[in-house]
Structure formats: C-alpha cells, structure tokens
$ cat entry.cif   # mmCIF, C-alpha atoms
data_query
#
loop_
_atom_site.label_atom_id
_atom_site.label_comp_id
_atom_site.auth_asym_id
_atom_site.auth_seq_id
_atom_site.Cartn_x
_atom_site.Cartn_y
_atom_site.Cartn_z
CA MET S 1 0.85 -26.86 -3.75
CA GLU S 2 -0.83 -24.77 -1.05
CA ASN S 3 0.59 -24.49 2.45
CA ASN S 4 -1.03 -23.57 5.76
CA ARG S 5 0.94 -20.37 6.39
CA ARG S 6 -0.42 -17.05 5.28
CA SER S 7 1.21 -15.38 2.31
CA ALA S 8 1.17 -11.77 1.16
CA ILE S 9 2.05 -9.54 -1.74
CA VAL S 10 3.22 -6.05 -0.75
CA THR S 11 3.72 -3.61 -3.63
CA GLY S 12 6.30 -0.89 -3.20
CA GLY S 13 7.80 -2.96 -0.43
CA SER S 14 11.47 -2.08 -0.61
CA ARG S 15 11.54 1.16 1.41
CA GLY S 16 9.62 3.44 3.75
CA ILE S 17 6.10 2.39 4.65
CA GLY S 18 6.24 -0.66 2.39
CA ARG S 19 9.37 -1.96 4.10
CA ALA S 20 7.81 -1.44 7.53
CA VAL S 21 4.69 -3.33 6.40
CA CYS S 22 6.80 -6.24 5.14
CA LEU S 23 8.69 -6.47 8.42
CA ALA S 24 5.50 -6.26 10.48
CA LEU S 25 3.86 -9.03 8.45
CA ALA S 26 7.00 -11.15 8.65
CA ALA S 27 6.89 -10.78 12.43
CA GLU S 28 3.38 -12.29 12.21
CA GLY S 29 4.77 -15.31 10.35
CA VAL S 30 3.50 -14.23 6.90
CA ASP S 31 5.48 -15.30 3.81
CA LEU S 32 6.07 -12.48 1.32
CA VAL S 33 6.46 -11.47 -2.27
CA ILE S 34 7.92 -7.96 -2.14
CA GLY S 35 7.15 -5.86 -5.21
CA TYR S 36 9.57 -3.08 -6.09
CA ALA S 37 10.01 -0.66 -8.98
CA GLY S 38 13.75 -0.23 -9.38
CA ASN S 39 15.89 -0.29 -6.22
CA GLU S 40 17.04 -3.91 -6.21
CA ALA S 41 19.49 -3.44 -3.35
CA ALA S 42 16.83 -1.96 -1.05
CA ALA S 43 14.37 -4.71 -1.99
CA GLU S 44 16.89 -7.45 -1.25
CA GLU S 45 17.81 -5.79 2.05
CA THR S 46 14.14 -5.77 3.06
CA ALA S 47 13.74 -9.40 2.00
CA ALA S 48 16.81 -10.42 4.02
CA ALA S 49 15.44 -8.66 7.10
CA CYS S 50 12.15 -10.53 6.68
CA ARG S 51 13.91 -13.87 6.22
CA ALA S 52 15.76 -13.24 9.47
CA LEU S 53 12.33 -13.33 11.11
CA GLY S 54 11.81 -16.88 9.83
CA VAL S 55 9.64 -16.43 6.75
CA THR S 56 10.08 -16.84 3.01
CA ALA S 57 10.52 -13.45 1.34
CA GLU S 58 11.29 -12.84 -2.32
CA PRO S 59 11.66 -9.49 -4.08
CA VAL S 60 10.07 -9.23 -7.53
CA ARG S 61 10.67 -6.27 -9.81
CA ALA S 62 7.35 -5.16 -11.28
CA ASP S 63 5.75 -2.03 -12.69
CA VAL S 64 2.27 -2.08 -11.16
CA ALA S 65 1.07 0.49 -13.70
CA THR S 66 0.97 -2.41 -16.19
CA GLU S 67 -1.08 -5.59 -16.17
CA ALA S 68 2.04 -7.62 -16.93
CA GLY S 69 3.85 -6.16 -13.94
CA CYS S 70 1.00 -6.96 -11.57
CA LYS S 71 0.63 -10.46 -13.00
CA ALA S 72 4.32 -11.14 -12.39
CA LEU S 73 3.78 -10.60 -8.67
CA PHE S 74 0.85 -12.99 -8.47
CA ASP S 75 2.49 -15.60 -10.68
CA ARG S 76 5.51 -15.67 -8.38
CA ALA S 77 3.32 -15.88 -5.27
CA ASP S 78 1.48 -18.82 -6.84
CA GLU S 79 4.78 -20.55 -7.60
CA LEU S 80 6.12 -20.05 -4.09
CA PHE S 81 3.02 -20.35 -1.92
CA GLY S 82 0.15 -21.59 -4.09
CA LYS S 83 -2.02 -18.63 -3.04
CA THR S 84 -2.16 -15.00 -1.96
CA ASP S 85 -3.95 -14.52 1.35
CA ILE S 86 -3.08 -10.85 1.83
CA LEU S 87 -2.61 -8.01 -0.64
CA VAL S 88 -1.18 -4.67 0.47
CA ASN S 89 -1.31 -2.05 -2.29
CA ASN S 90 1.40 0.35 -1.19
CA ALA S 91 3.21 1.33 -4.42
CA GLY S 92 2.81 5.02 -5.15
CA ILE S 93 4.50 7.99 -6.79
CA THR S 94 4.12 11.77 -6.76
CA ARG S 95 4.54 14.34 -9.54
CA ASP S 96 3.60 17.51 -7.69
CA ASN S 97 2.86 20.83 -9.35
CA LEU S 98 0.25 23.54 -9.47
CA ILE S 99 -2.51 22.60 -11.91
CA VAL S 100 -1.61 25.33 -14.43
CA ARG S 101 1.87 23.78 -14.68
CA MET S 102 0.93 20.12 -14.35
CA SER S 103 1.43 18.16 -17.55
CA GLU S 104 -0.97 15.47 -18.70
CA ALA S 105 1.96 13.06 -18.57
CA ASP S 106 2.52 13.78 -14.86
CA PHE S 107 -1.21 13.46 -14.15
CA ASP S 108 -1.40 10.15 -16.01
CA ALA S 109 1.76 8.71 -14.42
CA VAL S 110 0.42 9.22 -10.90
CA LEU S 111 -3.02 7.82 -11.74
CA ASP S 112 -1.49 4.84 -13.56
CA THR S 113 0.68 3.75 -10.63
CA ASN S 114 -1.42 4.78 -7.64
CA LEU S 115 -4.94 4.06 -8.90
CA ARG S 116 -4.72 1.75 -11.89
CA GLY S 117 -2.04 -0.36 -10.20
CA THR S 118 -4.26 -0.81 -7.16
CA PHE S 119 -7.18 -1.78 -9.39
CA LEU S 120 -5.14 -4.31 -11.36
CA CYS S 121 -3.72 -5.99 -8.25
CA MET S 122 -7.12 -6.15 -6.56
CA LYS S 123 -8.60 -7.71 -9.69
CA LEU S 124 -5.91 -10.39 -9.73
CA ALA S 125 -6.30 -11.07 -6.00
CA ALA S 126 -10.09 -11.22 -6.00
CA ARG S 127 -10.67 -14.46 -7.89
CA GLY S 128 -8.50 -16.66 -5.68
CA MET S 129 -9.72 -15.02 -2.50
CA MET S 130 -13.35 -15.46 -3.55
CA ARG S 131 -12.74 -19.12 -4.38
CA ARG S 132 -11.17 -19.75 -0.97
CA ARG S 133 -13.78 -17.55 0.75
CA SER S 134 -10.95 -15.87 2.60
CA GLY S 135 -8.61 -12.94 2.08
CA ARG S 136 -7.48 -9.52 3.23
CA ILE S 137 -6.84 -6.50 1.01
CA VAL S 138 -5.41 -3.30 2.50
CA ASN S 139 -4.92 -0.28 0.25
CA LEU S 140 -2.72 2.70 0.96
CA SER S 141 -4.62 5.94 0.48
CA SER S 142 -3.50 9.24 2.05
CA VAL S 143 -4.72 12.12 4.16
CA VAL S 144 -4.44 14.04 0.86
CA GLY S 145 -7.18 11.83 -0.54
CA LEU S 146 -9.41 12.85 2.38
CA ARG S 147 -8.77 16.60 2.50
CA GLY S 148 -6.84 17.58 -0.65
CA ASN S 149 -3.58 19.50 -0.90
CA ALA S 150 -2.44 22.37 -3.09
CA GLY S 151 -0.07 21.22 -5.81
CA GLN S 152 -1.24 17.62 -5.63
CA VAL S 153 -4.36 17.46 -7.79
CA ASN S 154 -3.10 14.26 -9.43
CA TYR S 155 -2.02 12.60 -6.17
CA ALA S 156 -5.24 13.60 -4.36
CA ALA S 157 -7.34 12.25 -7.25
CA SER S 158 -5.49 8.92 -7.15
CA LYS S 159 -5.76 8.52 -3.38
CA ALA S 160 -9.43 9.60 -3.23
CA GLY S 161 -10.06 7.08 -6.01
CA VAL S 162 -8.40 4.36 -3.93
CA ILE S 163 -10.93 5.07 -1.16
CA GLY S 164 -13.84 4.75 -3.60
CA MET S 165 -12.49 1.49 -4.98
CA THR S 166 -11.89 0.15 -1.47
CA LYS S 167 -15.49 0.72 -0.39
CA SER S 168 -16.90 -0.65 -3.64
CA LEU S 169 -14.82 -3.82 -3.61
CA ALA S 170 -15.55 -4.33 0.08
CA ARG S 171 -19.23 -4.59 -0.85
CA GLU S 172 -18.49 -6.97 -3.74
CA LEU S 173 -16.31 -9.36 -1.76
CA ALA S 174 -17.97 -9.31 1.67
CA PRO S 175 -20.38 -12.17 0.81
CA ARG S 176 -17.30 -14.34 0.18
CA GLY S 177 -15.65 -13.51 3.50
CA VAL S 178 -12.99 -11.22 1.99
CA THR S 179 -12.32 -7.86 3.66
CA VAL S 180 -11.10 -4.73 1.88
CA ASN S 181 -9.91 -1.72 3.86
CA ALA S 182 -7.66 1.30 3.46
CA VAL S 183 -5.25 3.25 5.60
CA ALA S 184 -4.71 6.97 5.01
CA PRO S 185 -1.27 8.03 6.26
CA GLY S 186 -0.58 11.65 7.03
CA PHE S 187 2.88 13.22 7.37
CA ILE S 188 5.13 10.14 7.77
CA ASP S 189 8.91 10.31 8.12
CA THR S 190 10.07 8.64 4.88
CA ASP S 191 12.48 9.37 2.01
CA MET S 192 9.61 11.14 0.23
CA THR S 193 8.95 13.60 3.05
CA ALA S 194 12.66 13.96 3.89
CA ALA S 195 13.10 15.66 0.51
CA LEU S 196 10.76 18.51 1.50
CA PRO S 197 12.31 21.91 2.31
CA GLU S 198 12.61 22.61 6.04
CA ALA S 199 10.14 25.52 5.83
CA VAL S 200 7.52 23.26 4.25
CA ARG S 201 8.08 20.58 6.90
CA ALA S 202 7.70 23.15 9.68
CA GLU S 203 4.44 24.42 8.19
CA LEU S 204 3.08 20.90 7.81
CA LEU S 205 3.87 20.09 11.44
CA LYS S 206 1.66 22.99 12.49
CA SER S 207 -1.32 21.24 10.88
CA ILE S 208 -0.84 18.06 12.97
CA PRO S 209 -2.63 18.16 16.34
CA LEU S 210 -0.14 15.69 17.84
CA GLY S 211 2.66 17.99 16.66
CA THR S 212 4.97 15.36 15.26
CA MET S 213 5.52 13.24 12.18
CA GLY S 214 4.45 9.62 12.14
CA LYS S 215 6.79 6.71 11.60
CA PRO S 216 6.45 4.02 8.92
CA GLU S 217 5.94 1.55 11.75
CA ASP S 218 2.80 3.45 12.84
CA VAL S 219 1.24 2.73 9.46
CA ALA S 220 2.49 -0.86 9.43
CA GLN S 221 0.80 -1.54 12.78
CA ALA S 222 -2.50 -0.33 11.33
CA VAL S 223 -2.10 -2.58 8.29
CA VAL S 224 -1.44 -5.62 10.50
CA PHE S 225 -4.46 -4.73 12.63
CA LEU S 226 -6.70 -4.73 9.54
CA VAL S 227 -5.14 -7.95 8.22
CA ASN S 228 -6.07 -9.61 11.53
CA ALA S 229 -9.56 -8.07 11.78
CA PRO S 230 -12.17 -10.41 10.23
CA TYR S 231 -15.17 -8.19 11.03
CA ILE S 232 -13.90 -4.86 9.66
CA THR S 233 -14.39 -4.05 5.99
CA GLY S 234 -14.90 -0.99 3.80
CA GLN S 235 -13.17 1.29 6.30
CA VAL S 236 -10.53 4.01 5.97
CA LEU S 237 -8.23 4.35 8.98
CA ALA S 238 -6.38 7.67 9.13
CA ILE S 239 -2.86 7.39 10.54
CA ASP S 240 -2.17 11.11 10.64
CA GLY S 241 -1.80 12.48 14.17
CA GLY S 242 -5.23 14.04 13.84
CA MET S 243 -4.71 16.01 10.61
CA ALA S 244 -7.95 14.90 8.95
CA MET S 245 -10.32 15.15 11.91
#
$ encode --input "entry.cif" --output "structure tokens"
Amino acid sequence: MENNRRSAIVTGGSRGIGRAVCLALAAEGVDLVIGYAGNEAAAEETAAACRALGVTAEPVRADVATEAGCKALFDRADELFGKTDILVNNAGITRDNLIVRMSEADFDAVLDTNLRGTFLCMKLAARGMMRRRSGRIVNLSSVVGLRGNAGQVNYAASKAGVIGMTKSLARELAPRGVTVNAVAPGFIDTDMTAALPEAVRAELLKSIPLGTMGKPEDVAQAVVFLVNAPYITGQVLAIDGGMAM
C-alpha cells in the first residue's frame, strides 16, 4: 500500500559518500532502503542513524552486479513503501592498475558493479516512475569519468559510461516527468582515498584549485539538491574543488 512520504533506494549506502547521502535524505524525511555489499555492521549503523532522524531505514545486502541483487532492493522497497521515488546509484569499486598489468577479470568486475549495476537499477526504477509520472534518479559518476586517470582505465570507462547512460535515460524519461542526473565527485575524504600513499595524496591535492579534499557531505548536498530540482535533468554536476574545469 503506497504512502505519501518519499522513499529512496541508495546503493552502496553503508559508508563514505553513500552513508552521507542516506543521512542527508533522511534529514529531508525520505524513507530508505540502504543497499550494501558486505559490511553488515556499517550498514546497520547507517540505518540506525537514519532512523534517529525519524524515518524508516532498512539495510539490504545485495550485489548490484547481478539482476537478482538489484531486484532484491526494489522488492524490499515495494514491501516497505509500495514505491521507489528516488534512486541513488552510488555502489562502486576500483581495481586499479596500469593497462599492461590489468586483468580482464579486474576490468570486468569494475564494469559489472559500476556500470551494469547502475543500468540494472535504473531499468527496475524506470517502470514504476514512468507509471507514476514522477521520480528522481541520481547516478554517481566521477571526475575520472570526465578527465581520465592513469591506472584507472576500467574505472574511467565505467564512470564515463554512467554519464552517457544518465543523459540517454534523461531523454527517455523526461516526457514522463522523471529526472535523471549525475554527480561527479573529485578527491573526497573517504576510506577509499584514505588508503592512498601520502605522496599520492599530496600530488592529487596540487591538482585541486581549492587546495583541499571534499567531504562526503559535500556530495550528499549535491544529491539532495538534484532530488529536489524538478526542472534539472540530463546534467552532470562536478563536486571536485575545480579539478575538472
């Protein structure tokens, strides 16, 4: 049975940018299904923090690289809320290496999660959103998808592909009142970037005009802006301190 509150699915929602997005949406009164790959404790912690803001929030373990994993997210959202008003495709992985050392398995794994997973979730979201003539889809791309990066051929391909899919689906769904946009984060202070060697971090900071790393909350604010923007579609908003300009 459908309710009047907005509901969202956020993939990769247990940590980092995904967690910040969940909390920002919860602060807007949005009920949540929080997709996560393996860290149950982190996912439950995020859900508890969202519930403290007065919304329903349930973690669901799902591998978005598979159709079954994506379907599990939407099935649970249907059971809880009767609909999915907002989809945030945040789940992503890296398998960095120079191309001469990059295995096909590492290339495929990144494309399967980052690109195929986004496609599968958008496909599942589209039908209900089209029927209701309402919906918001926000995809997580990356500054790497805009400008490339040595050692990340697979990641850059996946994130550039997300931009192409975003623009294409925006054209498909616009006549039904559904918007599709992307955000392209730059160097954001997360577990993923914390693992970088200090010398690499210092070099990356030199490429940022604002001279500092972004915070997950910076990206989350942009996602909420797009979720609440009915006349913006097919756009890519870089959250990167000026890296891609």
$ atom_distance --input "entry.cif" --atom1 "CA of Thr46 (chain S)" --atom2 "CA of Phe187 (chain S)"
22.5 Å
$ atom_distance --input "entry.cif" --atom1 "CA of Val236 (chain S)" --atom2 "CA of Thr166 (chain S)"
8.5 Å
$ closest_residue --input "entry.cif" --among "S:Arg51, S:Ala199, S:Asn149, S:Ile239" --to "Lys215 (chain S)" --atoms "all atoms listed in the file"
S:Ile239
$ closest_atom_pairs --input "entry.cif" --of "region 28-115 of chain S" --to "region 123-139 of chain S" --cutoff "12 Å" --atoms "all atoms listed in the file" --output "tab-separated table"
residue	atom	partner	partner_atom	distance
S:Val64	CA	S:Leu124	CA	11.7
S:Glu67	CA	S:Leu124	CA	9.4
S:Ala68	CA	S:Leu124	CA	11.1
S:Gly69	CA	S:Leu124	CA	11.4
S:Cys70	CA	S:Leu124	CA	7.9
S:Lys71	CA	S:Leu124	CA	7.3
S:Ala72	CA	S:Leu124	CA	10.6
S:Leu73	CA	S:Leu124	CA	9.8
S:Phe74	CA	S:Leu124	CA	7.4
S:Asp75	CA	S:Leu124	CA	9.9
S:Ala77	CA	S:Ala125	CA	10.8
S:Asp78	CA	S:Gly128	CA	10.3
S:Gly82	CA	S:Gly128	CA	10.1
S:Lys83	CA	S:Gly128	CA	7.3
S:Thr84	CA	S:Ala125	CA	7.0
S:Asp85	CA	S:Gly135	CA	5.0
S:Ile86	CA	S:Arg136	CA	4.8
S:Leu87	CA	S:Ile137	CA	4.8
S:Val88	CA	S:Val138	CA	4.9
S:Asn89	CA	S:Asn139	CA	4.8
S:Asn90	CA	S:Asn139	CA	6.5
S:Ala91	CA	S:Asn139	CA	9.5
S:Gly92	CA	S:Asn139	CA	10.8
S:Asn114	CA	S:Asn139	CA	10.0
S:Leu115	CA	S:Asn139	CA	10.1
$ residues_around --input "entry.cif" --residues "region 22-27 of chain S" --least-positions-apart "3" --cutoff "8 Å" --atoms "all atoms listed in the file" --output "list in words"
Val10, Gly13, Gly18, Arg19, Val30, Asp31, Leu32, Ile34, Thr46, Ala49, Cys50, Arg51, Leu53, Gly54, Val55, Glu217, Ala220, Gln221 and Val224 of chain S
$ atom_distance --input "entry.cif" --atom1 "CA of Gly242 (chain S)" --atom2 "CA of Pro209 (chain S)"
5.5 Å
$ closest_residue --input "entry.cif" --among "S:Thr118, S:Ser103, S:Asn97, S:Ser7" --to "Glu79 (chain S)" --atoms "only C-alpha atoms"
S:Ser7
$ residues_around --input "entry.cif" --residues "Arg201 (chain S)" --least-positions-apart "3" --cutoff "12 Å" --atoms "only C-alpha atoms" --output "PyMOL selection string"
chain S and resi 187-189+192-198+204-208+211-213
$ write_last_selection --input "entry.cif" --atoms "C-alpha atoms" --output "CSV table (one decimal), in the frame of the given file"
chain,number,residue,atom,x,y,z
S,187,PHE,CA,2.9,13.2,7.4
S,188,ILE,CA,5.1,10.1,7.8
S,189,ASP,CA,8.9,10.3,8.1
S,192,MET,CA,9.6,11.1,0.2
S,193,THR,CA,9.0,13.6,3.0
S,194,ALA,CA,12.7,14.0,3.9
S,195,ALA,CA,13.1,15.7,0.5
S,196,LEU,CA,10.8,18.5,1.5
S,197,PRO,CA,12.3,21.9,2.3
S,198,GLU,CA,12.6,22.6,6.0
S,204,LEU,CA,3.1,20.9,7.8
S,205,LEU,CA,3.9,20.1,11.4
S,206,LYS,CA,1.7,23.0,12.5
S,207,SER,CA,-1.3,21.2,10.9
S,208,ILE,CA,-0.8,18.1,13.0
S,211,GLY,CA,2.7,18.0,16.7
S,212,THR,CA,5.0,15.4,15.3
S,213,MET,CA,5.5,13.2,12.2
$ residues_around --input "entry.cif" --residues "Asn181 (chain S)" --least-positions-apart "3" --cutoff "12 Å" --atoms "all atoms listed in the file" --output "ChimeraX atom specification"
/S:86-89,122,135-141,162-171,173-174,178,184,222-238
$ resolve_selection --input "entry.cif" --expression "the PyMOL selection byres ((chain S and resi 150-153) around 12)" --output "PyMOL selection string"
chain S and resi 93-104+106-108+110-111+142-145+147-149+154-161
$ axis_aligned_box --input "entry.cif" --around "region 214-231 of chain S" --padding-each-side "5 Å" --output "lines of an AutoDock Vina configuration file"
center_x = -4.2
center_y = -0.4
center_z = 10.5
size_x = 32.0
size_y = 30.0
size_z = 14.6
$ resolve_selection --input "entry.cif" --expression "the PyMOL selection byres ((chain S and resi 40) around 12)" --output "list of chain:residue names"
S:Gly12, S:Gly13, S:Ser14, S:Arg15, S:Ile34, S:Gly35, S:Tyr36, S:Ala37, S:Gly38, S:Asn39, S:Ala41, S:Ala42, S:Ala43, S:Glu44, S:Glu45, S:Thr46, S:Ala47, S:Glu58, S:Pro59, S:Val60, S:Arg61, S:Ala62
$ closest_residue --input "entry.cif" --among "S:Val219, S:Val180, S:Leu210, S:Ala48" --to "Ile17 (chain S)" --atoms "all atoms listed in the file"
S:Val219
$ closest_residue --input "entry.cif" --among "S:Val200, S:Ala52, S:Ala182, S:Leu146" --to "Met245 (chain S)" --atoms "all atoms listed in the file"
S:Leu146
$ closest_residue --input "entry.cif" --among "S:Ala8, S:Ala65, S:Ala109, S:Leu120" --to "Leu80 (chain S)" --atoms "all atoms listed in the file"
S:Ala8
$ closest_residue --input "entry.cif" --among "S:Asp191, S:Pro185, S:Thr179, S:Phe81" --to "Asn4 (chain S)" --atoms "all atoms listed in the file"
S:Phe81
$ build_atoms --input "entry.cif" --residues "region 2-35 of chain S" --atoms "N, CA and C atoms" --output "JSON list (two decimals), keeping the file's coordinate frame"
[["chain", "number", "residue", "atom", "x", "y", "z"],
["S", 2, "GLU", "N", -0.53, -25.76, -2.07],
["S", 2, "GLU", "CA", -0.83, -24.77, -1.05],
["S", 2, "GLU", "C", -0.29, -25.21, 0.31],
["S", 3, "ASN", "N", 0.14, -24.19, 1.10],
["S", 3, "ASN", "CA", 0.59, -24.49, 2.45],
["S", 3, "ASN", "C", -0.37, -23.82, 3.44],
["S", 4, "ASN", "N", -0.12, -24.07, 4.73],
["S", 4, "ASN", "CA", -1.03, -23.57, 5.76],
["S", 4, "ASN", "C", -0.65, -22.19, 6.28],
["S", 5, "ARG", "N", 0.53, -21.70, 5.93],
["S", 5, "ARG", "CA", 0.94, -20.37, 6.39],
["S", 5, "ARG", "C", 0.33, -19.30, 5.50],
["S", 6, "ARG", "N", 0.11, -18.15, 6.08],
["S", 6, "ARG", "CA", -0.42, -17.05, 5.28],
["S", 6, "ARG", "C", 0.68, -16.46, 4.40],
["S", 7, "SER", "N", 0.27, -16.01, 3.23],
["S", 7, "SER", "CA", 1.21, -15.38, 2.31],
["S", 7, "SER", "C", 0.66, -14.05, 1.85],
["S", 8, "ALA", "N", 1.57, -13.13, 1.52],
["S", 8, "ALA", "CA", 1.17, -11.77, 1.16],
["S", 8, "ALA", "C", 1.98, -11.25, -0.01],
["S", 9, "ILE", "N", 1.36, -10.37, -0.77],
["S", 9, "ILE", "CA", 2.05, -9.54, -1.74],
["S", 9, "ILE", "C", 1.98, -8.12, -1.21],
["S", 10, "VAL", "N", 3.15, -7.47, -1.14],
["S", 10, "VAL", "CA", 3.22, -6.05, -0.75],
["S", 10, "VAL", "C", 3.87, -5.30, -1.90],
["S", 11, "THR", "N", 3.13, -4.40, -2.53],
["S", 11, "THR", "CA", 3.72, -3.61, -3.63],
["S", 11, "THR", "C", 4.45, -2.41, -3.03],
["S", 12, "GLY", "N", 5.49, -1.99, -3.72],
["S", 12, "GLY", "CA", 6.30, -0.89, -3.20],
["S", 12, "GLY", "C", 6.90, -1.23, -1.85],
["S", 13, "GLY", "N", 7.39, -2.45, -1.73],
["S", 13, "GLY", "CA", 7.80, -2.96, -0.43],
["S", 13, "GLY", "C", 9.25, -2.78, -0.06],
["S", 14, "SER", "N", 10.03, -2.11, -0.88],
["S", 14, "SER", "CA", 11.47, -2.08, -0.61],
["S", 14, "SER", "C", 11.88, -1.03, 0.42],
["S", 15, "ARG", "N", 11.12, 0.07, 0.53],
["S", 15, "ARG", "CA", 11.54, 1.16, 1.41],
["S", 15, "ARG", "C", 10.34, 1.76, 2.14],
["S", 16, "GLY", "N", 10.64, 2.63, 3.11],
["S", 16, "GLY", "CA", 9.62, 3.44, 3.75],
["S", 16, "GLY", "C", 8.50, 2.63, 4.37],
["S", 17, "ILE", "N", 7.27, 3.06, 4.09],
["S", 17, "ILE", "CA", 6.10, 2.39, 4.65],
["S", 17, "ILE", "C", 6.02, 0.94, 4.19],
["S", 18, "GLY", "N", 6.30, 0.70, 2.92],
["S", 18, "GLY", "CA", 6.24, -0.66, 2.39],
["S", 18, "GLY", "C", 7.19, -1.60, 3.11],
["S", 19, "ARG", "N", 8.40, -1.13, 3.37],
["S", 19, "ARG", "CA", 9.37, -1.96, 4.10],
["S", 19, "ARG", "C", 8.87, -2.25, 5.51],
["S", 20, "ALA", "N", 8.33, -1.25, 6.17],
["S", 20, "ALA", "CA", 7.81, -1.44, 7.53],
["S", 20, "ALA", "C", 6.65, -2.44, 7.54],
["S", 21, "VAL", "N", 5.81, -2.39, 6.52],
["S", 21, "VAL", "CA", 4.69, -3.33, 6.40],
["S", 21, "VAL", "C", 5.23, -4.76, 6.22],
["S", 22, "CYS", "N", 6.22, -4.91, 5.35],
["S", 22, "CYS", "CA", 6.80, -6.24, 5.14],
["S", 22, "CYS", "C", 7.36, -6.81, 6.43],
["S", 23, "LEU", "N", 8.09, -6.00, 7.17],
["S", 23, "LEU", "CA", 8.69, -6.47, 8.42],
["S", 23, "LEU", "C", 7.62, -6.81, 9.46],
["S", 24, "ALA", "N", 6.58, -6.00, 9.52],
["S", 24, "ALA", "CA", 5.50, -6.26, 10.48],
["S", 24, "ALA", "C", 4.75, -7.54, 10.14],
["S", 25, "LEU", "N", 4.51, -7.79, 8.85],
["S", 25, "LEU", "CA", 3.86, -9.03, 8.45],
["S", 25, "LEU", "C", 4.76, -10.24, 8.68],
["S", 26, "ALA", "N", 6.05, -10.06, 8.40],
["S", 26, "ALA", "CA", 7.00, -11.15, 8.65],
["S", 26, "ALA", "C", 7.02, -11.53, 10.13],
["S", 27, "ALA", "N", 6.92, -10.52, 10.99],
["S", 27, "ALA", "CA", 6.89, -10.78, 12.43],
["S", 27, "ALA", "C", 5.65, -11.57, 12.84],
["S", 28, "GLU", "N", 4.61, -11.51, 11.98],
["S", 28, "GLU", "CA", 3.38, -12.29, 12.21],
["S", 28, "GLU", "C", 3.45, -13.68, 11.59],
["S", 29, "GLY", "N", 4.60, -14.00, 10.97],
["S", 29, "GLY", "CA", 4.77, -15.31, 10.35],
["S", 29, "GLY", "C", 4.21, -15.40, 8.94],
["S", 30, "VAL", "N", 4.06, -14.26, 8.25],
["S", 30, "VAL", "CA", 3.50, -14.23, 6.90],
["S", 30, "VAL", "C", 4.62, -14.27, 5.87],
["S", 31, "ASP", "N", 4.54, -15.22, 4.92],
["S", 31, "ASP", "CA", 5.48, -15.30, 3.81],
["S", 31, "ASP", "C", 5.19, -14.18, 2.81],
["S", 32, "LEU", "N", 6.22, -13.72, 2.10],
["S", 32, "LEU", "CA", 6.07, -12.48, 1.32],
["S", 32, "LEU", "C", 6.64, -12.55, -0.08],
["S", 33, "VAL", "N", 5.91, -11.94, -1.01],
["S", 33, "VAL", "CA", 6.46, -11.47, -2.27],
["S", 33, "VAL", "C", 6.51, -9.95, -2.16],
["S", 34, "ILE", "N", 7.70, -9.39, -2.34],
["S", 34, "ILE", "CA", 7.92, -7.96, -2.14],
["S", 34, "ILE", "C", 8.09, -7.30, -3.51],
["S", 35, "GLY", "N", 7.07, -6.56, -3.93],
["S", 35, "GLY", "CA", 7.15, -5.86, -5.21],
["S", 35, "GLY", "C", 7.97, -4.60, -5.07]]
